[in-house]
$ cat start-v8.cif   # mmCIF, C-alpha atoms and all ligand atoms
data_upload
loop_
_atom_site.label_atom_id
_atom_site.label_comp_id
_atom_site.auth_asym_id
_atom_site.auth_seq_id
_atom_site.Cartn_x
_atom_site.Cartn_y
_atom_site.Cartn_z
CA MET X 1 25.16 -2.12 8.18
CA ASN X 2 22.48 -4.45 9.55
CA THR X 3 19.52 -4.77 7.24
CA LEU X 4 15.95 -6.03 7.27
CA THR X 5 13.90 -8.54 5.34
CA LEU X 6 10.58 -7.24 4.09
CA ASP X 7 7.70 -9.49 3.09
CA ILE X 8 4.41 -8.12 1.76
CA VAL X 9 1.64 -10.69 1.91
CA THR X 10 -1.91 -10.53 0.54
CA PRO X 11 -4.65 -13.19 0.42
CA ASN X 12 -3.01 -14.23 -2.89
CA GLY X 13 0.30 -14.94 -1.15
CA SER X 14 3.60 -13.11 -0.93
CA VAL X 15 3.72 -10.36 -3.56
CA TYR X 16 7.00 -8.67 -2.62
CA LYS X 17 9.95 -10.06 -0.74
CA GLN X 18 13.24 -8.25 -0.30
CA ASP X 19 16.38 -8.82 1.77
CA ASN X 20 19.06 -6.20 2.49
CA VAL X 21 16.49 -3.50 3.17
CA GLU X 22 18.05 -0.42 4.75
CA ILE X 23 14.81 1.30 5.70
CA VAL X 24 11.09 0.74 5.19
CA VAL X 25 8.83 3.77 5.39
CA LEU X 26 5.27 2.87 6.34
CA GLN X 27 2.16 5.02 6.24
CA THR X 28 0.36 4.04 9.42
CA THR X 29 -2.99 5.33 10.64
CA ALA X 30 -0.98 7.48 13.08
CA GLY X 31 1.41 8.90 10.46
CA GLU X 32 4.61 7.99 8.68
CA MET X 33 7.02 5.58 10.35
CA GLY X 34 10.54 4.66 9.29
CA VAL X 35 11.71 1.20 10.31
CA MET X 36 15.31 0.03 10.35
CA HIS X 37 17.06 -3.08 11.66
CA GLY X 38 16.69 -3.40 15.43
CA HIS X 39 13.37 -1.60 15.69
CA ILE X 40 11.39 -2.41 18.80
CA PRO X 41 8.91 -5.18 17.93
CA THR X 42 5.41 -3.85 17.40
CA VAL X 43 2.31 -4.03 15.22
CA ALA X 44 1.14 -0.96 13.32
CA PRO X 45 -2.14 -0.50 11.45
CA LEU X 46 -1.62 0.77 7.91
CA ARG X 47 -3.77 3.13 5.89
CA ILE X 48 -4.27 3.09 2.14
CA GLY X 49 -0.98 4.49 0.92
CA HIS X 50 2.46 3.40 -0.15
CA ILE X 51 5.41 1.58 1.32
CA LYS X 52 8.83 2.93 0.46
CA VAL X 53 11.64 0.41 0.49
CA LYS X 54 15.25 1.55 0.38
CA CYS X 55 17.62 -1.16 -0.63
CA ASN X 56 20.93 -1.40 -2.53
CA GLY X 57 20.93 2.36 -3.12
CA GLN X 58 17.51 2.47 -4.77
CA SER X 59 13.93 2.98 -3.63
CA ASP X 60 10.88 0.88 -4.48
CA TYR X 61 7.34 2.10 -3.96
CA ILE X 62 4.47 -0.30 -3.36
CA ALA X 63 0.82 0.75 -3.25
CA VAL X 64 -1.06 -0.95 -0.44
CA THR X 65 -4.58 -1.02 0.92
CA GLU X 66 -5.44 -1.13 4.62
CA GLY X 67 -3.78 -3.76 6.76
CA PHE X 68 -1.08 -4.29 9.34
CA ALA X 69 2.68 -4.21 9.63
CA GLU X 70 4.26 -6.69 12.01
CA ILE X 71 7.66 -5.27 12.94
CA ARG X 72 10.38 -7.47 14.36
CA GLN X 73 14.04 -6.62 14.88
CA GLU X 74 15.19 -8.24 11.64
CA LYS X 75 11.98 -8.54 9.65
CA VAL X 76 8.89 -6.59 8.65
CA ASN X 77 5.80 -8.48 7.54
CA ILE X 78 3.11 -6.49 5.82
CA LEU X 79 -0.35 -8.02 5.72
CA VAL X 80 -2.70 -6.20 3.38
CA GLN X 81 -5.69 -6.93 1.18
CA SER X 82 -3.81 -5.87 -1.96
CA ALA X 83 -0.39 -4.56 -2.93
CA GLU X 84 1.17 -3.56 -6.25
CA SER X 85 4.66 -2.30 -7.05
CA ALA X 86 4.59 1.04 -8.89
CA GLU X 87 5.59 -0.65 -12.16
CA ASP X 88 2.79 -3.24 -11.86
CA ILE X 89 0.04 -0.67 -11.52
CA ASP X 90 -2.37 -0.54 -14.42
CA LEU X 91 -2.95 3.21 -14.62
CA GLU X 92 -5.95 2.99 -16.95
CA ARG X 93 -7.64 0.53 -14.60
CA ALA X 94 -7.04 2.84 -11.64
CA LYS X 95 -8.42 5.80 -13.60
CA SER X 96 -11.56 3.81 -14.50
CA ALA X 97 -11.98 2.76 -10.86
CA LYS X 98 -11.66 6.41 -9.82
CA GLN X 99 -14.26 7.44 -12.40
CA ARG X 100 -16.68 4.74 -11.22
CA ALA X 101 -16.26 5.71 -7.57
CA THR X 102 -16.66 9.41 -8.34
CA PHE X 103 -19.78 8.68 -10.37
CA TYR X 104 -21.35 6.84 -7.40
CA LEU X 105 -20.35 9.55 -4.95
CA ASP X 106 -21.70 12.33 -7.16
CA GLY X 107 -24.96 10.55 -7.92
CA ASP X 108 -28.16 9.82 -6.03
CA LYS X 109 -26.64 8.76 -2.75
CA GLU X 110 -29.65 6.95 -1.32
CA ASP X 111 -28.84 3.59 -2.87
CA THR X 112 -25.15 3.92 -2.61
CA ASP X 113 -22.86 2.33 -0.11
CA LEU X 114 -20.98 5.56 0.54
CA LYS X 115 -18.20 4.10 2.65
CA ARG X 116 -17.51 1.48 0.01
CA ALA X 117 -17.35 4.08 -2.76
CA GLU X 118 -15.11 6.32 -0.66
CA ARG X 119 -12.67 3.47 -0.03
CA ALA X 120 -12.68 2.54 -3.73
CA LEU X 121 -11.90 6.18 -4.56
CA LYS X 122 -9.00 6.22 -2.07
CA ARG X 123 -7.58 2.99 -3.51
CA ALA X 124 -7.80 4.35 -7.05
CA GLU X 125 -6.28 7.75 -6.17
CA ASN X 126 -3.50 6.02 -4.27
CA ARG X 127 -2.65 3.76 -7.24
CA ILE X 128 -2.61 6.79 -9.54
CA GLU X 129 -0.17 8.54 -7.18
CA VAL X 130 2.10 5.51 -6.69
CA ALA X 131 2.22 4.84 -10.46
CA LYS X 132 4.14 8.13 -10.73
CA PHE X 133 7.12 6.38 -9.07
CA LYS X 134 7.46 3.94 -11.99
P1 LIG B 1 -10.94 -2.37 -9.47
O1 LIG B 1 -12.30 -1.75 -9.36
O2 LIG B 1 -10.16 -1.87 -10.65
O3 LIG B 1 -10.95 -3.88 -9.34
P2 LIG B 1 -10.30 -2.23 -6.68
O4 LIG B 1 -9.77 -1.10 -5.85
O5 LIG B 1 -11.70 -2.64 -6.36
O6 LIG B 1 -10.11 -1.83 -8.22
P3 LIG B 1 -8.94 -4.26 -5.21
O7 LIG B 1 -10.15 -4.97 -4.66
O8 LIG B 1 -8.19 -3.33 -4.29
O9 LIG B 1 -9.34 -3.49 -6.57
O10 LIG B 1 -7.89 -5.31 -5.79
C1 LIG B 1 -8.30 -6.51 -6.48
C2 LIG B 1 -7.06 -7.09 -7.17
O11 LIG B 1 -6.74 -6.32 -8.32
C3 LIG B 1 -5.82 -7.07 -6.30
O12 LIG B 1 -5.06 -8.23 -6.60
C4 LIG B 1 -5.07 -5.83 -6.76
O13 LIG B 1 -3.67 -5.95 -6.57
C5 LIG B 1 -5.44 -5.77 -8.23
N1 LIG B 1 -5.55 -4.40 -8.75
C6 LIG B 1 -6.56 -3.52 -8.53
N2 LIG B 1 -6.38 -2.37 -9.21
C7 LIG B 1 -5.19 -2.52 -9.88
C8 LIG B 1 -4.44 -1.66 -10.74
N3 LIG B 1 -4.86 -0.44 -11.06
N4 LIG B 1 -3.28 -2.15 -11.24
C9 LIG B 1 -2.86 -3.37 -10.93
N5 LIG B 1 -3.51 -4.24 -10.11
C10 LIG B 1 -4.67 -3.81 -9.58
#

$ encode --input "start-v8.cif" --output "structure tokens"
Amino acid sequence: MNTLTLDIVTPNGSVYKQDNVEIVVLQTTAGEMGVMHGHIPTVAPLRIGHIKVKCNGQSDYIAVTEGFAEIRQEKVNILVQSAESAEDIDLERAKSAKQRATFYLDGDKEDTDLKRAERALKRAENRIEVAKFK
């Protein structure tokens, strides 16, 4: 079976690199997308969510923030602001971030950058969900 190489890159460099990937499931802004070897080359915008990587009979889950997937026939490059494997997620940190964001959103909204707080809440909730795949 032909496989893919997956590379997840953030401003801090490559945070996840895997060969022999059977399928990568991406959460794009248009919905879920499964990518296997030989996929038509394209670029897909990603939403805050997770990337599922099936490889050697097991699945890895990586929490990602917004970004892009560059899909080539033999390789998928993911470019995102941040990415953490399920086992690297600090659950307490994510819960604190969620609490902070909720506090801002529930409070006096005049001084608050609502969009920023909403995105922080989504990131935190996503990390809490992905941590369940540890
Ligand atoms: P926080 O308020 O806790 O910093 P955040 O959503 O603002 O959360 P980001 O700006 O998305 O954090 O990420 C900053 C850096 O911290 C990135 O390198 C990211 O991978 C890492 N990071 C953020 N939250 C966690 C977490 N809960 N567990 C592990 N790493 C995290």

$ residues_near_ligand --input "start-v8.cif" --ligand "ligand LIG 1 (chain B)" --cutoff "12 Å" --atoms "all atoms listed in the file" --output "NGL selection string"
:X and (8-16 or 48-49 or 62-67 or 80-101 or 116-131)

$ residues_near_point --input "start-v8.cif" --point "(10.6, -10.0, 11.4)" --cutoff "10 Å" --atoms "only C-alpha atoms" --output "PyMOL selection string"
chain X and resi 4-7+37-39+41+69-78

$ atom_distance --input "start-v8.cif" --atom1 "CA of Lys54 (chain X)" --atom2 "CA of Lys132 (chain X)"
17.0 Å

$ atom_distance --input "start-v8.cif" --atom1 "CA of Ser59 (chain X)" --atom2 "CA of Met36 (chain X)"
14.4 Å

$ residues_near_point --input "start-v8.cif" --point "(22.3, -3.6, 8.7)" --cutoff "8 Å" --atoms "only C-alpha atoms" --output "PyMOL selection string"
chain X and resi 1-4+20+22+37

$ write_last_selection --input "start-v8.cif" --atoms "C-alpha atoms" --output "short mmCIF file (atom, residue, chain, number, x, y, z; two decimals), keeping the file's coordinate frame"
data_model
loop_
_atom_site.label_atom_id
_atom_site.label_comp_id
_atom_site.auth_asym_id
_atom_site.auth_seq_id
_atom_site.Cartn_x
_atom_site.Cartn_y
_atom_site.Cartn_z
CA MET X 1 25.16 -2.12 8.18
CA ASN X 2 22.48 -4.45 9.55
CA THR X 3 19.52 -4.77 7.24
CA LEU X 4 15.95 -6.03 7.27
CA ASN X 20 19.06 -6.20 2.49
CA GLU X 22 18.05 -0.42 4.75
CA HIS X 37 17.06 -3.08 11.66
#

$ atom_distance --input "start-v8.cif" --atom1 "CA of Tyr61 (chain X)" --atom2 "CA of Lys134 (chain X)"
8.2 Å

$ closest_residue --input "start-v8.cif" --among "X:Gln18, X:Leu79, X:Gly57, X:Thr28" --to "Ala44 (chain X)" --atoms "only C-alpha atoms"
X:Thr28

$ residues_around --input "start-v8.cif" --residues "Leu26 (chain X)" --least-positions-apart "6" --cutoff "6 Å" --atoms "only C-alpha atoms" --output "number ranges by chain"
X: 32-33, 51

$ closest_residue --input "start-v8.cif" --among "X:Val21, X:Gly34, X:Thr102, X:Leu114" --to "Val53 (chain X)" --atoms "all atoms listed in the file"
X:Val21
